[in-house]
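Structure file query.txt; described as compact mmCIF, C-alpha atoms and all ligand atoms.
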# COMPACT_ATOMS: atom_id res chain seq x y z
CA MET X 108 -101.40 -97.83 -8.48
CA LYS X 109 -104.27 -96.32 -6.53
CA HIS X 110 -104.43 -92.76 -5.17
CA LYS X 111 -104.44 -94.24 -1.66
CA ASP X 112 -101.12 -96.01 -2.35
CA ILE X 113 -99.52 -92.84 -3.71
CA ALA X 114 -100.65 -90.94 -0.60
CA ILE X 115 -99.33 -93.64 1.77
CA ILE X 116 -96.00 -93.91 -0.08
CA SER X 117 -95.58 -90.10 0.03
CA LEU X 118 -96.41 -90.13 3.75
CA PHE X 119 -93.71 -92.70 4.49
CA ILE X 120 -91.11 -90.84 2.39
CA ALA X 121 -91.98 -87.71 4.41
CA LEU X 122 -91.57 -89.77 7.61
CA LEU X 123 -88.12 -90.96 6.49
CA ILE X 124 -87.10 -87.37 5.71
CA ALA X 125 -88.43 -86.15 9.08
CA LEU X 126 -86.53 -88.88 10.98
CA GLY X 127 -83.39 -87.75 9.15
CA PHE X 128 -83.59 -84.42 11.00
CA ILE X 129 -82.77 -86.20 14.26
CA PRO X 130 -78.99 -85.77 14.53
CA PRO X 131 -76.88 -88.92 14.06
CA LEU X 132 -74.74 -90.21 16.89
CA PRO X 133 -71.15 -90.79 15.73
CA VAL X 134 -69.51 -94.10 16.61
CA GLY X 135 -65.85 -93.43 17.30
CA PHE X 136 -64.45 -96.63 15.82
CA LEU X 137 -66.67 -96.84 12.69
CA PRO X 138 -67.39 -94.29 9.93
CA VAL X 139 -71.13 -95.10 10.18
CA PRO X 140 -73.31 -93.29 12.75
CA ILE X 141 -76.18 -94.50 14.91
CA VAL X 142 -79.35 -93.01 13.37
CA LEU X 143 -83.08 -93.04 14.00
CA GLN X 144 -83.92 -92.90 10.29
CA ASN X 145 -83.98 -96.69 9.87
CA LEU X 146 -87.01 -96.74 12.19
CA GLY X 147 -88.84 -95.36 9.13
CA VAL X 148 -87.59 -98.29 7.03
CA LEU X 149 -88.75 -100.76 9.70
CA LEU X 150 -92.17 -99.09 9.82
CA ALA X 151 -92.44 -99.09 6.01
CA ALA X 152 -91.58 -102.82 5.94
CA ALA X 153 -93.98 -103.75 8.76
CA LEU X 154 -96.90 -101.62 7.61
CA LEU X 155 -96.60 -101.51 3.82
CA GLY X 156 -95.06 -104.89 2.97
CA SER X 157 -92.76 -105.76 0.05
CA LYS X 158 -93.98 -103.71 -2.87
CA ARG X 159 -94.91 -100.38 -1.35
CA GLY X 160 -92.19 -100.64 1.32
CA THR X 161 -89.53 -101.13 -1.38
CA ILE X 162 -90.98 -98.25 -3.44
CA VAL X 163 -90.73 -95.97 -0.37
CA VAL X 164 -87.03 -96.80 0.16
CA ALA X 165 -86.23 -96.67 -3.60
CA LEU X 166 -87.87 -93.24 -4.06
CA PHE X 167 -86.16 -91.95 -0.92
CA PHE X 168 -82.81 -93.14 -2.37
CA LEU X 169 -83.63 -91.35 -5.61
CA LEU X 170 -83.70 -88.12 -3.59
CA VAL X 171 -80.28 -89.04 -2.16
CA LEU X 172 -78.98 -89.85 -5.67
CA VAL X 173 -80.02 -86.46 -7.07
CA GLY X 174 -78.08 -84.82 -4.25
CA LEU X 175 -80.70 -83.91 -1.64
CA PRO X 176 -79.27 -84.09 1.90
CA VAL X 177 -82.11 -86.22 3.26
CA LEU X 178 -79.99 -88.85 5.00
CA SER X 179 -79.27 -88.30 8.71
CA SER X 180 -75.56 -87.85 7.88
CA ARG X 181 -76.53 -85.24 5.24
CA SER X 182 -74.34 -87.07 2.72
CA ALA X 183 -75.81 -87.38 -0.77
CA GLY X 184 -75.03 -88.49 -4.31
CA ILE X 185 -74.07 -91.86 -5.75
CA ALA X 186 -70.90 -92.09 -3.60
CA VAL X 187 -73.05 -92.72 -0.49
CA PHE X 188 -74.08 -96.08 -1.92
CA TYR X 189 -70.55 -97.38 -2.24
CA GLY X 190 -69.15 -95.49 0.78
CA PRO X 191 -68.89 -96.91 4.33
CA SER X 192 -72.69 -96.84 4.90
CA GLY X 193 -73.37 -98.49 1.52
CA GLY X 194 -74.02 -102.02 2.83
CA PHE X 195 -76.51 -100.74 5.41
CA LEU X 196 -78.34 -98.75 2.73
CA TRP X 197 -78.56 -101.76 0.38
CA GLY X 198 -79.98 -103.56 3.40
CA TRP X 199 -82.66 -100.85 3.78
CA LEU X 200 -83.69 -101.52 0.19
CA LEU X 201 -83.91 -105.30 0.71
CA ALA X 202 -85.58 -105.27 4.14
CA PRO X 203 -89.23 -104.67 3.08
CA ALA X 204 -89.06 -107.41 0.43
CA ILE X 205 -87.45 -109.94 2.78
CA TYR X 206 -89.94 -109.05 5.53
CA GLY X 207 -92.85 -109.31 3.07
CA LEU X 208 -91.62 -112.71 1.87
CA GLY X 209 -91.29 -114.03 5.42
CA ASP X 210 -94.71 -112.61 6.28
CA ARG X 211 -96.26 -114.51 3.39
CA LEU X 212 -94.41 -117.72 4.32
CA LEU X 213 -95.65 -117.45 7.91
CA GLY X 214 -99.22 -117.13 6.67
CA THR X 215 -102.09 -115.67 8.64
CA HIS X 216 -101.50 -117.56 11.89
CA HIS X 217 -98.73 -115.45 13.28
CA GLY X 218 -98.81 -112.93 16.05
CA PHE X 219 -96.83 -110.14 17.61
CA TRP X 220 -93.69 -112.15 18.43
CA GLN X 221 -93.37 -113.87 15.08
CA ARG X 222 -93.77 -110.56 13.26
CA GLY X 223 -91.33 -108.86 15.63
CA ILE X 224 -88.67 -111.54 15.15
CA LEU X 225 -89.16 -111.47 11.37
CA LEU X 226 -88.81 -107.69 11.35
CA TRP X 227 -85.71 -107.92 13.54
CA LEU X 228 -84.12 -110.51 11.23
CA SER X 229 -84.90 -108.60 8.02
CA GLY X 230 -84.61 -105.00 9.23
CA ALA X 231 -81.83 -105.22 11.82
CA VAL X 232 -79.77 -108.46 11.57
CA LEU X 233 -79.74 -108.55 7.75
CA VAL X 234 -79.12 -104.79 7.44
CA ASP X 235 -76.32 -104.74 10.01
CA GLY X 236 -74.86 -107.97 8.59
CA LEU X 237 -74.75 -106.54 5.06
CA GLY X 238 -73.34 -103.32 6.48
CA ALA X 239 -70.56 -105.27 8.19
CA LEU X 240 -69.81 -107.28 5.04
CA TRP X 241 -69.55 -104.05 3.03
CA LEU X 242 -67.34 -102.42 5.67
CA SER X 243 -65.01 -105.40 5.73
CA ILE X 244 -64.60 -105.20 1.94
CA GLY X 245 -64.36 -101.40 1.75
CA LEU X 246 -62.12 -100.86 4.75
CA HIS X 247 -60.13 -104.09 4.20
CA MET X 248 -61.11 -105.28 7.68
CA PRO X 249 -61.43 -108.94 8.65
CA LEU X 250 -65.11 -109.88 8.41
CA THR X 251 -65.22 -110.97 12.06
CA SER X 252 -63.89 -107.55 13.20
CA ALA X 253 -66.46 -105.76 11.01
CA LEU X 254 -69.23 -107.98 12.39
CA MET X 255 -68.08 -107.37 15.96
CA ALA X 256 -67.91 -103.60 15.35
CA SER X 257 -71.40 -103.58 13.80
CA LEU X 258 -72.79 -105.18 16.96
CA ILE X 259 -72.83 -101.60 18.29
CA PHE X 260 -75.95 -101.03 16.16
CA ILE X 261 -77.87 -104.09 17.39
CA PRO X 262 -79.20 -102.75 20.74
CA GLY X 263 -80.60 -99.57 19.13
CA ASP X 264 -81.90 -101.40 16.07
CA THR X 265 -83.56 -103.95 18.35
CA LEU X 266 -85.33 -101.15 20.26
CA LYS X 267 -86.43 -99.60 16.94
CA THR X 268 -87.77 -103.02 15.87
CA VAL X 269 -89.80 -103.36 19.08
CA LEU X 270 -91.20 -99.85 18.58
CA ALA X 271 -92.02 -100.50 14.90
CA THR X 272 -93.71 -103.82 15.76
CA LEU X 273 -95.81 -102.16 18.48
CA VAL X 274 -96.78 -99.27 16.19
CA ALA X 275 -97.57 -101.66 13.32
CA GLU X 276 -99.75 -103.78 15.60
CA ARG X 277 -101.80 -100.72 16.62
CA VAL X 278 -101.88 -98.82 13.33
CA GLN X 279 -102.69 -101.82 11.17
CA HIS X 280 -106.10 -102.19 12.79
CA ALA X 281 -106.83 -98.47 12.80
CA LEU X 282 -105.61 -97.38 9.37
CA PRO X 283 -106.14 -98.90 5.92
CA VAL X 284 -102.41 -98.96 5.17
CA HIS X 285 -101.85 -102.69 4.60
CA ASP X 286 -102.58 -104.46 1.29
C1 LIG J 301 -76.38 -92.06 6.59
O1 LIG J 301 -77.07 -91.25 7.24
O2 LIG J 301 -75.44 -91.73 5.86
C2 LIG J 301 -76.72 -93.53 6.66
C3 LIG J 301 -76.39 -94.09 7.99
C4 LIG J 301 -76.70 -95.57 8.08
C5 LIG J 301 -76.60 -96.04 9.51
C6 LIG J 301 -76.86 -97.52 9.71
S1 LIG J 301 -78.56 -97.95 9.50
C7 LIG J 301 -78.37 -99.47 10.33
C8 LIG J 301 -77.41 -99.21 11.47
N1 LIG J 301 -78.13 -98.74 12.61
C9 LIG J 301 -77.81 -97.50 12.94
O3 LIG J 301 -78.31 -96.86 13.90
N2 LIG J 301 -76.86 -97.05 12.13
C10 LIG J 301 -76.52 -98.01 11.10

Let me see the file written as structure tokens.
Ligand code: BTN
Amino acid sequence: MKHKDIAIISLFIALLIALGFIPPLPVGFLPVPIVLQNLGVLLAAALLGSKRGTIVVALFFLLVLVGLPVLSSRSAGIAVFYGPSGGFLWGWLLAPAIYGLGDRLLGTHHGFWQRGILLWLSGAVLVDGLGALWLSIGLHMPLTSALMASLIFIPGDTLKTVLATLVAERVQHALPVHD
């Protein structure tokens, strides 16, 4: 791995940590808050692609695993990954790889909307879907109720996707962050 990659990965981990300082918004009927931190995951997926995007999320999770309160909720340790937010977090880990795969399948002839929809599917729909599946298992809820409850995250996650797509579109041409 090149020095440039190490610098970019460190920058995105710092971005994730910084976004975690924005207080979470509790959702009364679910033990999972609305956060801004997943904007960092969306940006890592859109700008860094599969490999480096996944490394960013994995290293960030390593900090959580060793007990650092870097998540917006300030929870840490292994329990976070099988607690109520677990499915969403596994989704964060998968999102850059799924986005990268879709990006490669789409090839070079795709523009703003295709990228935006791909990012939305991998970074919002997949993440919130996995989160709902996990909640339904963990909280013994019917899957449809968990899916309906998780719809609360879709408007915010859609806005974050639009923002990440716009930023990626601008930054990609200006900075040598993409492979
Ligand atoms: C934590 O801080 O413990 C993790 C919270 C995970 C929140 C998930 S991320 C996807 C979905 N969108 C949100 O705004 N919140 C949930």

Atomic distance CA of Gly209 in chain X - CA of Glu276 in chain X, expressed in Å with one decimal: 16.7 Å

Within 12 Å of range 118-130 of chain X using all atoms listed in the file, minus same-chain residues under 5 positions, as a count of residues only: 42

Go ahead and compute the interatomic distance for atom C3 of ligand LIG 301 (chain J) and CA of Pro249 in chain X, in Å to one decimal.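 A separation of 21.1 Å between them.
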
What separates CA of Pro191 in chain X and atom O1 of ligand LIG 301 (chain J) is a distance of 10.4 Å

Please determine, counting only C-alpha atoms, which residue among X:Ile116, X:Ile224, X:Ile205, X:Leu246 has the shortest atom-to-atom distance to Tyr189 in chain X. X:Leu246

Given 4 Å of margin on each side, can you work out the centre and size in Å (one decimal) of an axis-aligned box holding every listed atom of ligand LIG 301 (chain J), as JSON?
{"center_x": -77.0, "center_y": -95.4, "center_z": 9.9, "size_x": 11.1, "size_y": 16.2, "size_z": 16.0}

When you count all atoms listed in the file, which of these residues is closest to ligand LIG 301 (chain J): X:Gly214, X:Gly156, X:Gly223, X:Gly238? X:Gly238

Could you check which of X:Met248, X:Leu237, X:Val274, X:Leu225 is closest to ligand LIG 301 (chain J), using all atoms listed in the file?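 So, comparing all the options, the nearest one is X:Leu237.
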
Measuring between only C-alpha atoms and all ligand atoms, which one of X:Gly184, X:Gly218, X:Pro203, X:Gly263 shows the shortest distance to ligand LIG 301 (chain J)? X:Gly263

Nearest candidate to Asp264 in chain X (options X:Ala239, X:Val139, X:Leu250, X:Leu226; using only C-alpha atoms):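 Selected residue with least distance to Asp264 in chain X: X:Leu226.
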
Spatial neighbours of range 134-138 of chain X, 10 Å, only C-alpha atoms, chain gap at least 2 places, as a PyMOL selection string: chain X and resi 131-132+140-141+190-192+242+246+253+256-257+259-260

Nearest-residue call for Ala186 in chain X, choices X:Val278, X:Val173, X:Leu208, X:Gly198, using all atoms listed in the file: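 Closest to Ala186 in chain X, using all atoms listed in the file: X:Val173.
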